[in-house]
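Let me begin by presenting the structure, written as structure tokens, before commenting on it.
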There are 4 protein chains.
Amino acid sequence: MTEFKTLLEAGDFRAGPGNDICDVTGVRVGHQNLRGDGRCTGVTAILPHGDDLYRNPVPAGCAVLNGFGKSSGLVQVEELGEIETPILLTNTFGVGSCANALIRQAIGQNPGIGRGQATVNPLVLECNDGKVNDIQQLAVSEADAESAISAAGDAFQQGAVGAGSGMKTFGFAGGIGSASRHVPLDTGDYMLGALVLSNFGEAGSLRVLGNRITAPEAIAEPDTGSIIILLATDAPMEARQLTRLARRSAAALGRLGSYLGHQSGDIALAFSTANRIERGSQELHPIQRLCESRMNSFFKAGVETVEAAILGALWHSTPQQGYDGTRLPGFRETYQRHFQDKQSVISA
Amino acid sequence: MTEFKTLLEAGDFRAGPGNDICDVTGVRVGHQNLRGDGRCTGVTAILPHGDDLYRNPVPAGCAVLNGFGKSSGLVQVEELGEIETPILLTNTFGVGSCANALIRQAIGQNPGIGRGQATVNPLVLECNDGKVNDIQQLAVSEADAESAISAAGDAFQQGAVGAGSGMKTFGFAGGIGSASRHVPLDTGDYMLGALVLSNFGEAGSLRVLGNRITAPEAIAEPDTGSIIILLATDAPMEARQLTRLARRSAAALGRLGSYLGHQSGDIALAFSTANRIERGSQELHPIQRLCESRMNSFFKAGVETVEAAILGALWHSTPQQGYDGTRLPGFRETYQRHFQDKQSVISA
Amino acid sequence: MTEFKTLLEAGDFRAGPGNDICDVTGVRVGHQNLRGDGRCTGVTAILPHGDDLYRNPVPAGCAVLNGFGKSSGLVQVEELGEIETPILLTNTFGVGSCANALIRQAIGQNPGIGRGQATVNPLVLECNDGKVNDIQQLAVSEADAESAISAAGDAFQQGAVGAGSGMKTFGFAGGIGSASRHVPLDTGDYMLGALVLSNFGEAGSLRVLGNRITAPEAIAEPDTGSIIILLATDAPMEARQLTRLARRSAAALGRLGSYLGHQSGDIALAFSTANRIERGSQELHPIQRLCESRMNSFFKAGVETVEAAILGALWHSTPQQGYDGTRLPGFRETYQRHFQDKQSVISA
Amino acid sequence: MTEFKTLLEAGDFRAGPGNDICDVTGVRVGHQNLRGDGRCTGVTAILPHGDDLYRNPVPAGCAVLNGFGKSSGLVQVEELGEIETPILLTNTFGVGSCANALIRQAIGQNPGIGRGQATVNPLVLECNDGKVNDIQQLAVSEADAESAISAAGDAFQQGAVGAGSGMKTFGFAGGIGSASRHVPLDTGDYMLGALVLSNFGEAGSLRVLGNRITAPEAIAEPDTGSIIILLATDAPMEARQLTRLARRSAAALGRLGSYLGHQSGDIALAFSTANRIERGSQELHPIQRLCESRMNSFFKAGVETVEAAILGALWHSTPQQGYDGTRLPGFRETYQRHFQDKQSVISA
């Protein structure tokens, strides 16, 4: 059998030491799981750095690849080009609670918010896990969001965990996946990381580096669902450049066999940990900006990293049993069963 | 003294019978007020029609004039060109609760949501009323949102009421304002209505049909705050046309003296009650669409209606006392005191 | 050897009778070639229907996938959602001449243009063929544009012809490619066609239905260049829906191995031959609109059709010799040489 | 009579020494006029600095306020956030020739363009002067464009000159107008300049600082036509910030009485002369960026400057006689005749 791990590191760029988004220094990830009583959902928190994001926003850009989604906070990211809270991922009906939690946390750390100081823009992105999670419960609470933030560290689990608990990808269990790549330039070895909440793709359409992989037990449905794509880098980019980087993610979805189906909220968001903004600081910020032509390497690496992150979500997810009996099969078993003797998979 | 009511009806188009958004047949508005214990806030609900919006969405388009705002639901409006819940207005930190209430109401009416049927996109728009409301309380509850929806009727109060309770406009108390205009075309007499949640404008910059109006007691601050602008019409427009209509609202803000200041979430949303969509209906919808060149009358009437709606918010608002003692003066007294003998005001 | 023709028709949808954009009834295509004296360029005209487009515009939507390009006319397409001239494709420095030709043709047919009637929006899309064409000559003339329009018919050549004469794709000669697919719905068998001006892709990155194909002689360079993607359908869609359709093209680029490189103008434009607009006609247009959920089939078919069109450009292009000796190898020979015994190609 | 010059300098910010866009150091403007034989048109060139713009692009952002226009080059400005040629203004049918001239000039100065180096993005913005100019002649030649560029200096004429020769504004002769304002911040006294090609506004709707001004002889028509708005500053802004600045121009149009009528191409473009980009230079650019909250002063000054520039176009334009006898009355005479004894005008 081909070692799938190899596929997760395949491509033109060298994977980072952990091959996940935490290879970008300072980025941390935490999960909170909700299980039982029909629940198969959760929250995942991504923290761009360890300090207060309201006081030190980071440059960011986003791309709505398909707007059939309910994420909140993007309007301001597009206007101001920055992120000022942790990023929370959750299910479609958990957005309100997560937003409230982010607001309360920001107020707790900055008592002037809404009292002289500007309010805060909670950034919450979502996918619909209603296939196996009883989403009508609106089970995600503010406390769950806080727990995910508190749990954030530089090592985290992938697969059907946190916000990814009940996600479905190309008919299999999906969820959280991550990957990273080195982008070596003249001025340094930059790191690019991706984390996805993968809930998209039509069963039977998956192409793993070019080979269609299906299982009889995969749930056959159109390309509904959604995907949230986060990209992080330590290279100094301005918001416009990060937006360009985010937009390229559509190529990764296509590469895996997606056609950005109608009923899907596909959103990509990229941020840089360089050039932190200091709220209310001096009038002129001296910053570094990457030469535009060098963006090309990041575009190439970005598509590769997102593709690897999605494969990671598939690889790490275990089968899930839904509240109504629906079963999401695991990708790993299918892959191992069907392709254990096809070396051609890796040749692609 | 010039009758201000005249100004609210001034312009090139004839005002509707009520000179508010409910002149568009079927549109209803309701408020829920929160007062006491430092609270000066609320929720306002706008219902495009009397039936279930999830089953019968209406065509819509939106324009983010200034994206320094936290409204939610706009991403999907831009993608699908439709509204599928009531529109709720509230304060910046009430968005989460209002979104949850809309989700729960939609599920109550459509038990298939999230269980086979698509999820629902709650549409909640906001302004920051932290000048007089103790916004850190996150006082708006799901029950408040439900109350606003239940209170919806075809007559409603304007001024510092509902979501408009604690709003500030050009240094005065602002809030909810509304207006309507007849747009006579060959095929019929169409109605165009506007409702604003007015919380914008620098004190000292207000131009009432061309005349600067200031009061010593107006709160002097830059053009912060926000404005939410809703436009409703019974003319048949497609989403792209409604987006064009919404974008023209920026001219009305300019006309009153605004410069769309940095720290402001200025968002316009237009919907049509014609060409209701039937979810899951036949494959081809026969619809009517307004000839593009006729849009010009609506653009002209739209700017006039939005301007009148904002003046309505000013005129109907009473002075507000903030949780920390801040006082928002009323515009009406200032206007009457300073301009009672200046007939020139109306000559503009 | 696998019959490549099979690949051009592969997928989940059945190819149209000609497997090109002219399978959409009424659409015609014409070329004008410029060769000799260092020139290896041309013009390609696409006519959505046989009548005067100024008097009968068609609904259209566009998506700028990567804006590093010099196409003209898109601003108005985005605002009005319609096309009012033939679409001309040419090289980057031929845009001005082609625009002038379209203006003169429209005036010839509508003497009121610019004299009481609105002016006209020439739609010209481009790629840079400077690799083999001496683009500094600005060789494309208005007469060339007229010739391409005059040559338009419902059968046309693919490959290194017309605007595609000097194009490069994944290191090989590229150019004009086209494909079509049936989209069977309840209300009828709709046709979807694509035509591309293919000038993109990094040598060595090409994946033909999942298999990387490279040739030693392919020109190794980053993913520069551009691609213009046209989609045509006889299904009744409004501009917003056509924009959604156009945006999905990014998935096809990804599927073939592209990452939408930095220095590339990647633009997709979709139009419908249904619901023709009649300029200056009645105030209300009765039109048909496709139910939104049915768009899903077109999204899926669209990605497949665009992928096939690009493969068509590769397959039909013959090797090109540049003005300075640069040689663009043909893809067909490479494919036949390297893959004649690999049946696995077709298994993907 | 009120000195109109006072109105051109009115507002909250102090006008620059010349009260035109050349107060921004380095910016130069030149005109080429075409008259006789039915022609009443021309070209106006704006050069952001005195060096080669292809080698030293400047950061820029643009806002399509109303996309019923035929300007070219904006797609790339939006993607890359920079300008790499002089900006040419001309009539709607002169875009092709002006684009060609810019291409040829860039090649002349950079022989590697299109031969190893990237092609160049000609930036040409337009309005329709068909009311008095026989636009069907396509009279503007490449030589005319070159002449406008050659004529560029730091003093230039306003009114019905250059590209503004045949323009119409609120029923009067319009054309080129310009203004400037000081924006004093802690780190320096920045300059903001505006130049407009003014061809918009419905006769009878003009509000000069709040007072409607009409003349019997003004041509009564809907708000058709267009306006091109250029903003220049020496303050260091990134492309996103310049885009925000450009978008505020809509408020100035509203303030003067416009409603951004249907048939109008209203486009704003802002550039900064700080943080010049060096093509192909080092991998990391050290740049300065203005703190976002300081943008507020520029937003306020921007609206004021654009309003003043439009009034400048009105004030400086002389009556024009069209090729078919149509007469565009001059604003100045109307103003002087009707308002010589109304001091109230200045009180606004």
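Every chain in the structure tokens has a letter given in the order shown (A, B, ...), and although residue numbers restart at 1 in each chain, ligands are simply numbered from 1 in the order shown.
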
Find the residues in chain B near chain A: any atom within 7 Å counts, using only C-alpha atoms. Write them as an MDAnalysis selection string. chainID B and resid 67:70 72:73 75:76 79 96:97 99:100 114:115 121 130 135:136

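Every residue of region 215-316 of chain B with a DSSP assignment of strand (DSSP E or B), taken from the backbone, is listed as Ser226, Ile227, Ile228, Ile229, Leu230, Leu231, Ala232, Thr233, Gly265, Asp266, Ile267, Ala268, Leu269, Ala270, Phe271, Ser272, Leu284, His285, Pro286, Ile287, Gln288, Arg289 and Leu290 of chain B.
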
Do you know which residues are at most 9 Å from Ala246 (chain A) counting only C-alpha atoms, after dropping those on the same chain fewer than 2 positions away, and could you put them as a list in words? Gly61, Cys62, Ala63, Val64, Ile229, Leu230, Leu231, Gln241, Leu242, Thr243, Arg244, Arg248, Ser249, Ala250, Ile267, Ala268, Leu269, Ala270, Phe299 and Gly302 of chain A

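Distances to Phe13 (chain B) were evaluated for B:Asp189, B:Asp37, B:Glu82, B:Glu202 using only C-alpha atoms, and the minimum falls at B:Asp189.
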
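Coordinates place CA of Arg35 (chain A) at a distance of 10.1 Å from CA of Gly162 (chain A).
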
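The environment of region 272-279 of chain D within 6 Å, counting only C-alpha atoms and disregarding residues fewer than 5 places along the same chain, consists of Arg55, Asn56, Pro57, Val58, Pro59, Ala232, Thr233, Asp234, Pro236 and Ile287 of chain D.
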
Store the residues picked out above in a file with N, CA and C atoms, as a PDB file, in the first residue's frame.
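As written to disk, result.pdb reads:
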```pdb
ATOM      1  N   ARG D  55       8.504  51.489 -15.031  1.00  0.00           N
ATOM      2  CA  ARG D  55       9.565  51.046 -14.111  1.00  0.00           C
ATOM      3  C   ARG D  55       9.239  51.413 -12.668  1.00  0.00           C
ATOM      4  N   ASN D  56       8.462  52.471 -12.492  1.00  0.00           N
ATOM      5  CA  ASN D  56       8.115  52.937 -11.147  1.00  0.00           C
ATOM      6  C   ASN D  56       6.620  53.167 -11.002  1.00  0.00           C
ATOM      7  N   PRO D  57       5.865  52.087 -10.954  1.00  0.00           N
ATOM      8  CA  PRO D  57       4.419  52.235 -10.761  1.00  0.00           C
ATOM      9  C   PRO D  57       4.124  52.903  -9.415  1.00  0.00           C
ATOM     10  N   VAL D  58       2.928  53.455  -9.312  1.00  0.00           N
ATOM     11  CA  VAL D  58       2.489  54.026  -8.028  1.00  0.00           C
ATOM     12  C   VAL D  58       1.282  53.245  -7.519  1.00  0.00           C
ATOM     13  N   PRO D  59       1.151  53.153  -6.200  1.00  0.00           N
ATOM     14  CA  PRO D  59      -0.015  52.454  -5.622  1.00  0.00           C
ATOM     15  C   PRO D  59      -1.307  53.169  -6.002  1.00  0.00           C
ATOM     16  N   ALA D 232      -5.318  62.340  -6.004  1.00  0.00           N
ATOM     17  CA  ALA D 232      -3.881  62.138  -5.821  1.00  0.00           C
ATOM     18  C   ALA D 232      -3.478  62.620  -4.446  1.00  0.00           C
ATOM     19  N   THR D 233      -2.547  61.914  -3.835  1.00  0.00           N
ATOM     20  CA  THR D 233      -2.062  62.359  -2.531  1.00  0.00           C
ATOM     21  C   THR D 233      -0.604  61.985  -2.361  1.00  0.00           C
ATOM     22  N   ASP D 234       0.085  62.760  -1.525  1.00  0.00           N
ATOM     23  CA  ASP D 234       1.463  62.398  -1.180  1.00  0.00           C
ATOM     24  C   ASP D 234       1.519  61.642   0.144  1.00  0.00           C
ATOM     25  N   PRO D 236       1.262  58.351   2.413  1.00  0.00           N
ATOM     26  CA  PRO D 236       1.539  56.947   2.087  1.00  0.00           C
ATOM     27  C   PRO D 236       0.337  56.056   2.398  1.00  0.00           C
ATOM     28  N   ILE D 287       8.133  49.959   3.360  1.00  0.00           N
ATOM     29  CA  ILE D 287       7.251  51.077   3.012  1.00  0.00           C
ATOM     30  C   ILE D 287       6.647  51.691   4.271  1.00  0.00           C
TER      31      ILE D 287
END
```

Tell me, as an NGL selection string, which residues lie within 8 Å of region 168-177 of chain A, counting only C-alpha atoms; anything in the same chain fewer than 4 positions away does not count. :A and (129 or 131 or 158-164 or 195-206 or 218-221 or 223 or 225 or 309-314 or 316-320 or 328-331)

Which polymer residues have any atom within 12 Å of an atom of region 145-149 of chain C, counting only C-alpha atoms, with same-chain residues fewer than 3 positions away left out, as a PyMOL selection string? chain C and resi 28-34+41-48+50+85-91+94-106+122+124+139-142+152-153+156+161-163

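Counting from CA of Ala60 (chain D), the distance to CA of Arg247 (chain D) is 12.4 Å.
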